[in-house]
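This is structure-v1.pdb. It holds PDB, C-alpha atoms, pLDDT in the B column.
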ATOM      1  CA  PRO A  25      11.437-117.225 -54.768  1.00 63.00           C
ATOM      2  CA  LEU A  26      14.449-118.211 -56.839  1.00 69.00           C
ATOM      3  CA  PHE A  27      15.531-114.580 -57.050  1.00 71.00           C
ATOM      4  CA  SER A  28      15.290-114.273 -53.260  1.00 74.00           C
ATOM      5  CA  PHE A  29      17.428-117.375 -52.833  1.00 72.00           C
ATOM      6  CA  MET A  30      20.080-115.866 -55.120  1.00 76.00           C
ATOM      7  CA  LEU A  31      20.077-112.661 -53.091  1.00 79.00           C
ATOM      8  CA  TYR A  32      21.004-114.651 -49.983  1.00 77.00           C
ATOM      9  CA  SER A  33      24.595-115.127 -51.078  1.00 82.00           C
ATOM     10  CA  ASP A  34      24.711-111.972 -53.203  1.00 85.00           C
ATOM     11  CA  ASN A  35      23.999-109.776 -50.192  1.00 86.00           C
ATOM     12  CA  TYR A  36      26.845-111.344 -48.241  1.00 87.00           C
ATOM     13  CA  ILE A  37      29.184-110.730 -51.165  1.00 89.00           C
ATOM     14  CA  LYS A  38      28.112-107.093 -51.619  1.00 89.00           C
ATOM     15  CA  VAL A  39      28.390-106.257 -47.925  1.00 90.00           C
ATOM     16  CA  LEU A  40      31.736-107.973 -47.476  1.00 91.00           C
ATOM     17  CA  SER A  41      33.074-106.361 -50.653  1.00 91.00           C
ATOM     18  CA  ALA A  42      32.326-102.906 -49.241  1.00 91.00           C
ATOM     19  CA  ILE A  43      33.907-103.883 -45.926  1.00 92.00           C
ATOM     20  CA  ASN A  44      37.008-105.178 -47.714  1.00 93.00           C
ATOM     21  CA  SER A  45      37.533-101.895 -49.514  1.00 92.00           C
ATOM     22  CA  PHE A  46      37.444-100.042 -46.196  1.00 93.00           C
ATOM     23  CA  LEU A  47      39.661-102.536 -44.369  1.00 94.00           C
ATOM     24  CA  ILE A  48      42.311-102.529 -47.085  1.00 95.00           C
ATOM     25  CA  ASP A  49      42.569 -98.727 -46.983  1.00 94.00           C
ATOM     26  CA  ILE A  50      42.814 -98.659 -43.187  1.00 95.00           C
ATOM     27  CA  SER A  51      45.333-101.515 -43.115  1.00 96.00           C
ATOM     28  CA  ARG A  52      47.604 -99.483 -45.394  1.00 96.00           C
ATOM     29  CA  ILE A  53      47.248 -96.425 -43.164  1.00 95.00           C
ATOM     30  CA  PHE A  54      48.035 -98.613 -40.151  1.00 96.00           C
ATOM     31  CA  GLN A  55      51.180 -99.879 -41.870  1.00 97.00           C
ATOM     32  CA  ASP A  56      52.325 -96.275 -42.235  1.00 95.00           C
ATOM     33  CA  MET A  57      51.567 -95.738 -38.552  1.00 96.00           C
ATOM     34  CA  ILE A  58      53.522 -98.865 -37.587  1.00 96.00           C
ATOM     35  CA  ILE A  59      56.547 -97.564 -39.478  1.00 94.00           C
ATOM     36  CA  PHE A  60      56.167 -93.998 -38.211  1.00 93.00           C
ATOM     37  CA  SER A  61      55.935 -95.191 -34.584  1.00 93.00           C
ATOM     38  CA  GLY A  62      58.856 -97.625 -34.857  1.00 90.00           C
ATOM     39  CA  ASP A  63      62.273 -97.116 -33.301  1.00 86.00           C
ATOM     40  CA  GLU A  64      63.784 -96.048 -36.616  1.00 86.00           C
ATOM     41  CA  MET A  65      61.504 -93.023 -37.048  1.00 88.00           C
ATOM     42  CA  LYS A  66      59.385 -92.334 -33.930  1.00 91.00           C
ATOM     43  CA  ILE A  67      57.421 -89.627 -35.701  1.00 92.00           C
ATOM     44  CA  ILE A  68      54.286 -90.589 -33.788  1.00 94.00           C
ATOM     45  CA  GLU A  69      53.545 -92.223 -30.443  1.00 94.00           C
ATOM     46  CA  LEU A  70      50.576 -94.572 -30.214  1.00 95.00           C
ATOM     47  CA  PRO A  71      48.262 -94.498 -27.161  1.00 94.00           C
ATOM     48  CA  ALA A  72      49.425 -96.744 -24.324  1.00 91.00           C
ATOM     49  CA  GLY A  73      46.283 -98.857 -24.439  1.00 92.00           C
ATOM     50  CA  TYR A  74      46.983 -99.919 -28.025  1.00 94.00           C
ATOM     51  CA  VAL A  75      50.534-101.198 -27.597  1.00 93.00           C
ATOM     52  CA  THR A  76      52.226-103.828 -25.447  1.00 88.00           C
ATOM     53  CA  GLY A  77      55.752-104.560 -24.347  1.00 77.00           C
ATOM     54  CA  SER A  78      57.799-107.454 -25.635  1.00 69.00           C
ATOM     55  CA  SER A  79      58.537-110.494 -23.473  1.00 68.00           C
ATOM     56  CA  LEU A  80      61.885-110.868 -25.230  1.00 70.00           C
ATOM     57  CA  MET A  81      62.835-107.182 -25.441  1.00 70.00           C
ATOM     58  CA  PRO A  82      61.340-105.156 -22.558  1.00 67.00           C
ATOM     59  CA  ASN A  83      62.395-101.884 -24.179  1.00 69.00           C
ATOM     60  CA  LYS A  84      60.402-102.642 -27.332  1.00 77.00           C
ATOM     61  CA  VAL A  85      56.810-101.474 -27.861  1.00 83.00           C
ATOM     62  CA  ASN A  86      54.617-103.554 -30.147  1.00 90.00           C
ATOM     63  CA  PRO A  87      51.698-101.949 -32.056  1.00 93.00           C
ATOM     64  CA  ASP A  88      49.442-104.907 -31.291  1.00 93.00           C
ATOM     65  CA  PHE A  89      46.108-103.292 -32.100  1.00 95.00           C
ATOM     66  CA  LEU A  90      47.263-102.159 -35.536  1.00 96.00           C
ATOM     67  CA  GLU A  91      48.762-105.529 -36.396  1.00 96.00           C
ATOM     68  CA  ILE A  92      45.688-107.418 -35.196  1.00 95.00           C
ATOM     69  CA  PHE A  93      43.517-105.158 -37.340  1.00 96.00           C
ATOM     70  CA  GLN A  94      45.656-106.018 -40.348  1.00 97.00           C
ATOM     71  CA  GLY A  95      44.974-109.662 -39.540  1.00 96.00           C
ATOM     72  CA  TYR A  96      41.243-108.957 -39.630  1.00 96.00           C
ATOM     73  CA  ALA A  97      41.681-107.285 -43.022  1.00 96.00           C
ATOM     74  CA  ALA A  98      43.411-110.408 -44.326  1.00 96.00           C
ATOM     75  CA  LYS A  99      40.689-112.615 -42.827  1.00 96.00           C
ATOM     76  CA  SER A 100      38.013-110.512 -44.518  1.00 95.00           C
ATOM     77  CA  ILE A 101      39.636-111.110 -47.896  1.00 95.00           C
ATOM     78  CA  SER A 102      39.805-114.845 -47.210  1.00 95.00           C
ATOM     79  CA  LEU A 103      36.092-114.821 -46.333  1.00 95.00           C
ATOM     80  CA  MET A 104      35.365-113.179 -49.672  1.00 94.00           C
ATOM     81  CA  ASN A 105      37.168-116.054 -51.381  1.00 94.00           C
ATOM     82  CA  LEU A 106      35.087-118.461 -49.297  1.00 92.00           C
ATOM     83  CA  LEU A 107      31.870-116.762 -50.437  1.00 91.00           C
ATOM     84  CA  TYR A 108      32.848-116.904 -54.089  1.00 92.00           C
ATOM     85  CA  SER A 109      34.007-120.501 -53.968  1.00 92.00           C
ATOM     86  CA  GLY A 110      30.901-121.503 -51.996  1.00 89.00           C
ATOM     87  CA  THR A 111      28.459-120.059 -54.524  1.00 88.00           C
ATOM     88  CA  ILE A 112      30.103-120.491 -57.915  1.00 87.00           C
ATOM     89  CA  ASN A 113      28.532-123.134 -60.183  1.00 87.00           C
ATOM     90  CA  LYS A 114      25.640-123.650 -57.777  1.00 85.00           C
ATOM     91  CA  THR A 115      22.075-123.775 -59.059  1.00 83.00           C
ATOM     92  CA  THR A 116      19.817-120.795 -58.355  1.00 79.00           C
ATOM     93  CA  GLY A 117      18.096-122.305 -55.319  1.00 77.00           C
ATOM     94  CA  TYR A 118      19.130-122.335 -51.679  1.00 78.00           C
ATOM     95  CA  HIS A 119      21.829-124.784 -50.620  1.00 81.00           C
ATOM     96  CA  ARG A 120      22.353-126.097 -47.119  1.00 84.00           C
ATOM     97  CA  ASP A 121      26.106-125.482 -47.245  1.00 84.00           C
ATOM     98  CA  PHE A 122      25.342-121.753 -47.387  1.00 85.00           C
ATOM     99  CA  GLN A 123      24.973-122.119 -43.617  1.00 88.00           C
ATOM    100  CA  ILE A 124      28.737-122.552 -43.458  1.00 89.00           C
ATOM    101  CA  LEU A 125      29.154-119.168 -45.134  1.00 88.00           C
ATOM    102  CA  LYS A 126      26.826-117.542 -42.623  1.00 88.00           C
ATOM    103  CA  ASP A 127      28.577-119.198 -39.681  1.00 92.00           C
ATOM    104  CA  GLU A 128      31.881-117.700 -40.843  1.00 93.00           C
ATOM    105  CA  VAL A 129      30.779-114.228 -41.931  1.00 91.00           C
ATOM    106  CA  ILE A 130      28.397-113.201 -39.132  1.00 92.00           C
ATOM    107  CA  PRO A 131      30.784-113.886 -36.187  1.00 93.00           C
ATOM    108  CA  PHE A 132      33.523-112.079 -38.110  1.00 94.00           C
ATOM    109  CA  MET A 133      31.352-108.975 -38.477  1.00 92.00           C
ATOM    110  CA  VAL A 134      30.522-109.034 -34.763  1.00 93.00           C
ATOM    111  CA  GLU A 135      34.221-109.195 -33.880  1.00 94.00           C
ATOM    112  CA  LEU A 136      35.068-106.505 -36.417  1.00 93.00           C
ATOM    113  CA  LYS A 137      32.501-104.167 -34.883  1.00 92.00           C
ATOM    114  CA  CYS A 138      34.269-104.479 -31.521  1.00 92.00           C
ATOM    115  CA  VAL A 139      37.594-103.672 -33.170  1.00 93.00           C
ATOM    116  CA  LEU A 140      36.189-100.608 -34.953  1.00 93.00           C
ATOM    117  CA  ASN A 141      34.838 -99.290 -31.653  1.00 93.00           C
ATOM    118  CA  GLY A 142      38.440 -98.687 -30.638  1.00 94.00           C
ATOM    119  CA  PHE A 143      39.167 -96.333 -33.529  1.00 94.00           C
ATOM    120  CA  PRO A 144      38.083 -93.008 -31.940  1.00 93.00           C
ATOM    121  CA  GLU A 145      40.342 -93.400 -28.906  1.00 94.00           C
ATOM    122  CA  LEU A 146      43.207 -94.625 -31.064  1.00 94.00           C
ATOM    123  CA  PHE A 147      43.248 -91.685 -33.461  1.00 93.00           C
ATOM    124  CA  SER A 148      42.520 -89.073 -30.801  1.00 93.00           C
ATOM    125  CA  GLY A 149      45.353 -90.399 -28.629  1.00 94.00           C
ATOM    126  CA  ILE A 150      48.148 -90.249 -31.210  1.00 95.00           C
ATOM    127  CA  LYS A 151      50.993 -87.910 -30.233  1.00 94.00           C
ATOM    128  CA  PHE A 152      53.255 -86.311 -32.817  1.00 92.00           C
ATOM    129  CA  ASN A 153      56.993 -85.843 -32.360  1.00 92.00           C
ATOM    130  CA  LYS A 154      57.760 -82.493 -33.985  1.00 87.00           C
ATOM    131  CA  GLU A 155      61.531 -82.762 -33.591  1.00 88.00           C
ATOM    132  CA  ALA A 156      61.734 -86.243 -35.096  1.00 89.00           C
ATOM    133  CA  SER A 157      59.488 -85.212 -37.974  1.00 83.00           C
ATOM    134  CA  GLU A 158      61.619 -82.204 -38.837  1.00 78.00           C
ATOM    135  CA  ARG A 159      64.803 -84.246 -38.557  1.00 81.00           C
ATOM    136  CA  ILE A 160      63.563 -86.933 -40.931  1.00 79.00           C
ATOM    137  CA  ILE A 161      61.883 -84.854 -43.609  1.00 74.00           C
ATOM    138  CA  GLY A 162      64.489 -82.111 -43.560  1.00 73.00           C
ATOM    139  CA  ASN A 163      64.424 -79.163 -45.908  1.00 76.00           C
ATOM    140  CA  SER A 164      63.062 -81.221 -48.800  1.00 80.00           C
ATOM    141  CA  ILE A 165      59.534 -80.930 -47.377  1.00 80.00           C
ATOM    142  CA  TYR A 166      59.378 -77.565 -49.145  1.00 85.00           C
ATOM    143  CA  ALA A 167      60.192 -79.052 -52.568  1.00 90.00           C
ATOM    144  CA  THR A 168      56.704 -78.759 -54.053  1.00 87.00           C
ATOM    145  CA  TYR A 169      56.290 -75.206 -52.789  1.00 87.00           C
ATOM    146  CA  ASN A 170      59.613 -74.138 -54.299  1.00 90.00           C
ATOM    147  CA  SER A 171      58.749 -75.867 -57.558  1.00 92.00           C
ATOM    148  CA  LYS A 172      55.534 -73.883 -57.616  1.00 88.00           C
ATOM    149  CA  LEU A 173      57.491 -70.658 -57.149  1.00 88.00           C
ATOM    150  CA  ASN A 174      59.767 -71.629 -60.032  1.00 90.00           C
ATOM    151  CA  PHE A 175      56.733 -72.479 -62.145  1.00 91.00           C
ATOM    152  CA  LYS A 176      55.364 -68.974 -61.665  1.00 86.00           C
ATOM    153  CA  ASN A 177      58.524 -67.631 -63.252  1.00 88.00           C
ATOM    154  CA  ASN A 178      59.082 -70.024 -66.133  1.00 88.00           C
ATOM    155  CA  GLY A 179      55.691 -71.680 -66.736  1.00 85.00           C
ATOM    156  CA  ASN A 180      57.334 -75.097 -67.142  1.00 90.00           C
ATOM    157  CA  TRP A 181      56.566 -77.706 -64.481  1.00 88.00           C
ATOM    158  CA  LYS A 182      59.236 -80.170 -65.632  1.00 91.00           C
ATOM    159  CA  GLU A 183      61.948 -77.533 -65.564  1.00 93.00           C
ATOM    160  CA  SER A 184      60.648 -76.199 -62.238  1.00 92.00           C
ATOM    161  CA  TYR A 185      60.931 -79.591 -60.543  1.00 91.00           C
ATOM    162  CA  LYS A 186      64.380 -80.105 -62.055  1.00 93.00           C
ATOM    163  CA  MET A 187      65.550 -76.789 -60.638  1.00 93.00           C
ATOM    164  CA  THR A 188      64.267 -77.728 -57.188  1.00 92.00           C
ATOM    165  CA  GLY A 189      65.872 -81.171 -57.399  1.00 91.00           C
ATOM    166  CA  ASP A 190      69.202 -79.616 -58.349  1.00 92.00           C
ATOM    167  CA  MET A 191      68.991 -77.348 -55.294  1.00 90.00           C
ATOM    168  CA  ILE A 192      68.336 -80.308 -52.977  1.00 87.00           C
ATOM    169  CA  ARG A 193      71.146 -82.399 -54.449  1.00 87.00           C
ATOM    170  CA  SER A 194      73.600 -79.516 -54.166  1.00 88.00           C
ATOM    171  CA  GLY A 195      72.706 -78.969 -50.497  1.00 85.00           C
ATOM    172  CA  LYS A 196      71.068 -75.581 -50.958  1.00 87.00           C
ATOM    173  CA  ALA A 197      68.330 -74.603 -48.520  1.00 86.00           C
ATOM    174  CA  LEU A 198      64.850 -74.352 -49.980  1.00 89.00           C
ATOM    175  CA  LYS A 199      62.600 -71.440 -49.171  1.00 85.00           C
ATOM    176  CA  PRO A 200      60.434 -72.453 -46.169  1.00 83.00           C
ATOM    177  CA  TYR A 201      56.773 -71.673 -45.715  1.00 77.00           C
ATOM    178  CA  MET A 202      53.827 -72.263 -43.435  1.00 70.00           C
ATOM    179  CA  PRO A 203      50.511 -73.541 -44.811  1.00 64.00           C
ATOM    180  CA  GLU A 204      48.806 -70.247 -44.088  1.00 60.00           C
ATOM    181  CA  ASP A 205      51.423 -68.443 -46.185  1.00 65.00           C
ATOM    182  CA  VAL A 206      50.359 -70.188 -49.380  1.00 61.00           C
ATOM    183  CA  VAL A 207      47.666 -68.537 -51.458  1.00 57.00           C
ATOM    184  CA  SER A 208      46.245 -70.232 -54.525  1.00 56.00           C
ATOM    185  CA  TYR A 209      47.716 -68.730 -57.665  1.00 52.00           C
ATOM    186  CA  ARG A 210      44.830 -67.783 -59.903  1.00 56.00           C
ATOM    187  CA  ASN A 211      46.416 -65.485 -62.472  1.00 57.00           C
ATOM    188  CA  PHE A 212      47.212 -67.789 -65.366  1.00 56.00           C
ATOM    189  CA  ASP A 213      47.840 -65.035 -67.913  1.00 66.00           C
ATOM    190  CA  PHE A 214      51.530 -65.845 -67.965  1.00 62.00           C
ATOM    191  CA  ILE A 215      50.730 -69.428 -68.955  1.00 62.00           C
ATOM    192  CA  ARG A 216      48.556 -68.202 -71.813  1.00 66.00           C
ATOM    193  CA  ASP A 217      51.328 -65.863 -72.949  1.00 72.00           C
ATOM    194  CA  LYS A 218      53.847 -68.696 -72.757  1.00 68.00           C
ATOM    195  CA  ILE A 219      51.637 -70.960 -74.849  1.00 68.00           C
ATOM    196  CA  GLU A 220      51.023 -68.222 -77.402  1.00 73.00           C
ATOM    197  CA  ASN A 221      54.753 -67.565 -77.661  1.00 74.00           C
ATOM    198  CA  ASN A 222      55.424 -71.259 -78.176  1.00 70.00           C
ATOM    199  CA  ILE A 223      52.739 -71.452 -80.851  1.00 70.00           C
ATOM    200  CA  SER A 224      54.166 -68.371 -82.535  1.00 74.00           C
ATOM    201  CA  SER A 225      57.643 -69.901 -82.500  1.00 72.00           C
ATOM    202  CA  MET A 226      56.281 -73.127 -83.960  1.00 68.00           C
ATOM    203  CA  ASP A 227      54.493 -71.195 -86.695  1.00 70.00           C
ATOM    204  CA  ASN A 228      57.667 -69.287 -87.546  1.00 72.00           C
ATOM    205  CA  SER A 229      59.660 -72.518 -87.654  1.00 69.00           C
ATOM    206  CA  LYS A 230      57.020 -74.143 -89.831  1.00 65.00           C
ATOM    207  CA  ASN A 231      57.017 -71.181 -92.222  1.00 70.00           C
ATOM    208  CA  ARG A 232      60.806 -71.245 -92.476  1.00 73.00           C
ATOM    209  CA  LEU A 233      60.731 -74.969 -93.154  1.00 66.00           C
ATOM    210  CA  LEU A 234      58.072 -74.565 -95.855  1.00 69.00           C
ATOM    211  CA  LYS A 235      60.109 -71.810 -97.464  1.00 72.00           C
ATOM    212  CA  MET A 236      63.190 -74.047 -97.495  1.00 70.00           C
ATOM    213  CA  VAL A 237      61.196 -76.863 -99.105  1.00 63.00           C
ATOM    214  CA  ASN A 238      59.748 -74.514-101.723  1.00 70.00           C
ATOM    215  CA  ASP A 239      63.201 -73.124-102.485  1.00 70.00           C
ATOM    216  CA  ILE A 240      64.582 -76.628-102.945  1.00 63.00           C
ATOM    217  CA  ILE A 241      61.698 -77.653-105.197  1.00 63.00           C
ATOM    218  CA  SER A 242      61.977 -74.507-107.305  1.00 68.00           C
ATOM    219  CA  ASN A 243      65.682 -75.207-107.902  1.00 63.00           C
ATOM    220  CA  LEU A 244      65.099 -78.743-109.146  1.00 56.00           C
TER     221      LEU A 244
END
For the file at hand, write its structure as C-alpha cells.
Amino acid sequence: PLFSFMLYSDNYIKVLSAINSFLIDISRIFQDMIIFSGDEMKIIELPAGYVTGSSLMPNKVNPDFLEIFQGYAAKSISLMNLLYSGTINKTTGYHRDFQILKDEVIPFMVELKCVLNGFPELFSGIKFNKEASERIIGNSIYATYNSKLNFKNNGNWKESYKMTGDMIRSGKALKPYMPEDVVSYRNFDFIRDKIENNISSMDNSKNRLLKMVNDIISNL
C-alpha cells in the first residue's frame, strides 16, 4: 500500500515531465515561427484562424495561438515545480494536500488537449513566401554545399569552410544547387590517401629529428 501511495505523486511527475519535454521543443519551434512570420521577415504566413489583429495597430497581425501555447509551456513547467515542492520531504503515505496537485494538473491537461487539437490545421495551413526567403538567406544558403565541394578536393574541412567564408565575404557567388542534385559522396579513398601522406610526412619529420638529435649527441 505504501508503494502505491508513493506512485500517486510519482505518476504525475513522470507524465508531466514527458509533457514538458514536448512543450519546450514546440515552444522553441513556435518562437521561430513567430519571428519568421513577423513584419521584419515574413518568410511564412500563419493561417487566418490562428492570428488576430491589433486594437492599437490595425495593420499588425498577432500570432495569438503560438504565444498562448508558449504560455501553456511555461505553466506546465510551473506545475512541475508545484509537484516537486508538494511532495518533497513528505512521508511515504498519502497526504490530503495532494488533492491540490490533482486539481491543478488535471484541468491543465484537459485544456492542453484542446490546444493540441489545433496543431494539424495550423501546420497544414502555413504558407511559405519564396521571394522573401530567397531575399533573406541570399547566396549563403549554399555555403555547406560549396564547402563539401572544396572538401572533395583538399580533404580538409576547416580549410574548406574557410575558403567558402572568404568567397562570401568577398561577394563572390557560390555555386547553387537543388536538393535532388546532391548525391552522397561515398568514395573516401582520397581521405585515406591524405591521411597516409600526412602520416608519411610525420614519419619523415620524426626520422629527420631523430637523426639531428643523434648527430648532436655523437658530437658531444
Worksheet item: Can you tell me, as number ranges by chain, what residues are no more than 10 Å from segment 192-195 of chain A when counting only C-alpha atoms, ignoring any on the same chain fewer than 4 positions away?
Response: A: 163-164, 167, 186-188
Once the PyMOL selection byres ((chain A and resi 140-153) around 9) has been applied to the shown file, what residues remain in the selection, as an mmCIF file with C-alpha atoms, keeping the file's coordinate frame?
data_model
loop_
_atom_site.group_PDB
_atom_site.id
_atom_site.type_symbol
_atom_site.label_atom_id
_atom_site.label_comp_id
_atom_site.auth_asym_id
_atom_site.auth_seq_id
_atom_site.Cartn_x
_atom_site.Cartn_y
_atom_site.Cartn_z
ATOM 1 C CA LYS A 66 59.385 -92.334 -33.930
ATOM 2 C CA ILE A 67 57.421 -89.627 -35.701
ATOM 3 C CA ILE A 68 54.286 -90.589 -33.788
ATOM 4 C CA GLU A 69 53.545 -92.223 -30.443
ATOM 5 C CA LEU A 70 50.576 -94.572 -30.214
ATOM 6 C CA PRO A 71 48.262 -94.498 -27.161
ATOM 7 C CA ALA A 72 49.425 -96.744 -24.324
ATOM 8 C CA GLY A 73 46.283 -98.857 -24.439
ATOM 9 C CA TYR A 74 46.983 -99.919 -28.025
ATOM 10 C CA PHE A 93 43.517 -105.158 -37.340
ATOM 11 C CA GLU A 135 34.221 -109.195 -33.880
ATOM 12 C CA LEU A 136 35.068 -106.505 -36.417
ATOM 13 C CA LYS A 137 32.501 -104.167 -34.883
ATOM 14 C CA CYS A 138 34.269 -104.479 -31.521
ATOM 15 C CA VAL A 139 37.594 -103.672 -33.170
ATOM 16 C CA LYS A 154 57.760 -82.493 -33.985
ATOM 17 C CA GLU A 155 61.531 -82.762 -33.591
ATOM 18 C CA ALA A 156 61.734 -86.243 -35.096
ATOM 19 C CA SER A 157 59.488 -85.212 -37.974
ATOM 20 C CA GLU A 158 61.619 -82.204 -38.837
#
Worksheet item: How would you write, as a PyMOL selection string, the residues chosen by the PyMOL selection byres ((chain A and resi 87) around 12) on this structure?
Response: chain A and resi 54-63+68-78+84-86+88-94+146
Report the centre and edge lengths, in Å to one decimal, of an axis-aligned box enclosing every atom of segment 188-204 of chain A listed in the file, padded by 8 Å on each side, as AutoDock Vina command-line options.
--center_x 61.2 --center_y -76.3 --center_z -50.9 --size_x 40.8 --size_y 28.2 --size_z 30.9
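Atom CA of Ile48 of chain A sits 21.3 Å away from atom CA of Leu125 of chain A.
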Worksheet entry | 12 Å contact set for Arg120 of chain A, only C-alpha atoms, chain neighbours under 4 positions out, as a PyMOL selection string | chain A and resi 29+32-33+110-111+114+124-127
Worksheet item: When you draw a straight line from atom CA of Met133 of chain A to atom CA of Ala97 of chain A, how long is it in Å?
Response: 11.4 Å
Worksheet item: Which residue out of A:Gly179, A:Ala42, A:Arg232, A:Ser102 has the minimum interatomic distance to Phe132 of chain A when only C-alpha atoms are used?
Response: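 Looking at the shortest contact to Phe132 of chain A, the residue is A:Ser102.
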Practice prompt. Work out how far apart atom CA of Thr115 of chain A and atom CA of Ser45 of chain A are and give it in Å to one decimal.
Written response: 28.4 Å
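When only C-alpha atoms are used to measure the gap to Leu106 of chain A, the shortest distance among A:Ile161, A:Leu198, A:Met191, A:Leu40 belongs to A:Leu40.
Using the PyMOL selection byres ((chain A and resi 100) around 9) on the file at hand returns these residues: Leu40, Ser41, Ile43, Asn44, Leu47, Gly95, Tyr96, Ala97, Ala98, Lys99, Ile101, Ser102, Leu103, Met104, Asn105, Val129 and Phe132 of chain A.
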Please, can segment 145-166 of chain A be completed to N, CA and C atoms and returned as a PDB file, in the frame of the given file?
ATOM      1  N   GLU A 145      39.324 -93.616 -29.938  1.00 94.00           N
ATOM      2  CA  GLU A 145      40.342 -93.400 -28.906  1.00 94.00           C
ATOM      3  C   GLU A 145      41.747 -93.556 -29.470  1.00 94.00           C
ATOM      4  N   LEU A 146      41.894 -94.447 -30.442  1.00 94.00           N
ATOM      5  CA  LEU A 146      43.207 -94.625 -31.064  1.00 94.00           C
ATOM      6  C   LEU A 146      43.660 -93.354 -31.759  1.00 94.00           C
ATOM      7  N   PHE A 147      42.838 -92.843 -32.665  1.00 93.00           N
ATOM      8  CA  PHE A 147      43.248 -91.685 -33.461  1.00 93.00           C
ATOM      9  C   PHE A 147      43.338 -90.411 -32.625  1.00 93.00           C
ATOM     10  N   SER A 148      42.470 -90.277 -31.637  1.00 93.00           N
ATOM     11  CA  SER A 148      42.520 -89.073 -30.801  1.00 93.00           C
ATOM     12  C   SER A 148      43.696 -89.103 -29.835  1.00 93.00           C
ATOM     13  N   GLY A 149      44.257 -90.291 -29.586  1.00 94.00           N
ATOM     14  CA  GLY A 149      45.353 -90.399 -28.629  1.00 94.00           C
ATOM     15  C   GLY A 149      46.735 -90.398 -29.241  1.00 94.00           C
ATOM     16  N   ILE A 150      46.838 -90.264 -30.555  1.00 95.00           N
ATOM     17  CA  ILE A 150      48.148 -90.249 -31.210  1.00 95.00           C
ATOM     18  C   ILE A 150      48.882 -88.950 -30.881  1.00 95.00           C
ATOM     19  N   LYS A 151      50.151 -89.074 -30.504  1.00 94.00           N
ATOM     20  CA  LYS A 151      50.993 -87.910 -30.233  1.00 94.00           C
ATOM     21  C   LYS A 151      52.041 -87.790 -31.336  1.00 94.00           C
ATOM     22  N   PHE A 152      52.317 -86.558 -31.733  1.00 92.00           N
ATOM     23  CA  PHE A 152      53.255 -86.311 -32.817  1.00 92.00           C
ATOM     24  C   PHE A 152      54.566 -85.753 -32.263  1.00 92.00           C
ATOM     25  N   ASN A 153      55.662 -86.270 -32.773  1.00 92.00           N
ATOM     26  CA  ASN A 153      56.993 -85.843 -32.360  1.00 92.00           C
ATOM     27  C   ASN A 153      57.514 -84.834 -33.381  1.00 92.00           C
ATOM     28  N   LYS A 154      57.399 -83.560 -33.048  1.00 87.00           N
ATOM     29  CA  LYS A 154      57.760 -82.493 -33.985  1.00 87.00           C
ATOM     30  C   LYS A 154      59.245 -82.547 -34.341  1.00 87.00           C
ATOM     31  N   GLU A 155      60.092 -82.765 -33.343  1.00 88.00           N
ATOM     32  CA  GLU A 155      61.531 -82.762 -33.591  1.00 88.00           C
ATOM     33  C   GLU A 155      61.943 -83.909 -34.511  1.00 88.00           C
ATOM     34  N   ALA A 156      61.389 -85.093 -34.249  1.00 89.00           N
ATOM     35  CA  ALA A 156      61.734 -86.243 -35.096  1.00 89.00           C
ATOM     36  C   ALA A 156      61.227 -86.050 -36.518  1.00 89.00           C
ATOM     37  N   SER A 157      60.049 -85.453 -36.645  1.00 83.00           N
ATOM     38  CA  SER A 157      59.488 -85.212 -37.974  1.00 83.00           C
ATOM     39  C   SER A 157      60.370 -84.266 -38.770  1.00 83.00           C
ATOM     40  N   GLU A 158      60.781 -83.178 -38.143  1.00 78.00           N
ATOM     41  CA  GLU A 158      61.619 -82.204 -38.837  1.00 78.00           C
ATOM     42  C   GLU A 158      62.978 -82.798 -39.191  1.00 78.00           C
ATOM     43  N   ARG A 159      63.493 -83.646 -38.303  1.00 81.00           N
ATOM     44  CA  ARG A 159      64.803 -84.246 -38.557  1.00 81.00           C
ATOM     45  C   ARG A 159      64.755 -85.196 -39.743  1.00 81.00           C
ATOM     46  N   ILE A 160      63.663 -85.928 -39.873  1.00 79.00           N
ATOM     47  CA  ILE A 160      63.563 -86.933 -40.931  1.00 79.00           C
ATOM     48  C   ILE A 160      63.260 -86.306 -42.290  1.00 79.00           C
ATOM     49  N   ILE A 161      62.286 -85.413 -42.321  1.00 74.00           N
ATOM     50  CA  ILE A 161      61.883 -84.854 -43.609  1.00 74.00           C
ATOM     51  C   ILE A 161      62.861 -83.807 -44.102  1.00 74.00           C
ATOM     52  N   GLY A 162      63.500 -83.094 -43.172  1.00 73.00           N
ATOM     53  CA  GLY A 162      64.489 -82.111 -43.560  1.00 73.00           C
ATOM     54  C   GLY A 162      63.918 -80.989 -44.418  1.00 73.00           C
ATOM     55  N   ASN A 163      64.808 -80.321 -45.105  1.00 76.00           N
ATOM     56  CA  ASN A 163      64.424 -79.163 -45.908  1.00 76.00           C
ATOM     57  C   ASN A 163      63.627 -79.544 -47.152  1.00 76.00           C
ATOM     58  N   SER A 164      63.712 -80.804 -47.557  1.00 80.00           N
ATOM     59  CA  SER A 164      63.062 -81.221 -48.800  1.00 80.00           C
ATOM     60  C   SER A 164      61.542 -81.180 -48.721  1.00 80.00           C
ATOM     61  N   ILE A 165      60.984 -81.014 -47.514  1.00 80.00           N
ATOM     62  CA  ILE A 165      59.534 -80.930 -47.377  1.00 80.00           C
ATOM     63  C   ILE A 165      58.978 -79.740 -48.152  1.00 80.00           C
ATOM     64  N   TYR A 166      59.827 -78.761 -48.432  1.00 85.00           N
ATOM     65  CA  TYR A 166      59.378 -77.565 -49.145  1.00 85.00           C
ATOM     66  C   TYR A 166      59.579 -77.677 -50.658  1.00 85.00           C
TER      67      TYR A 166
END
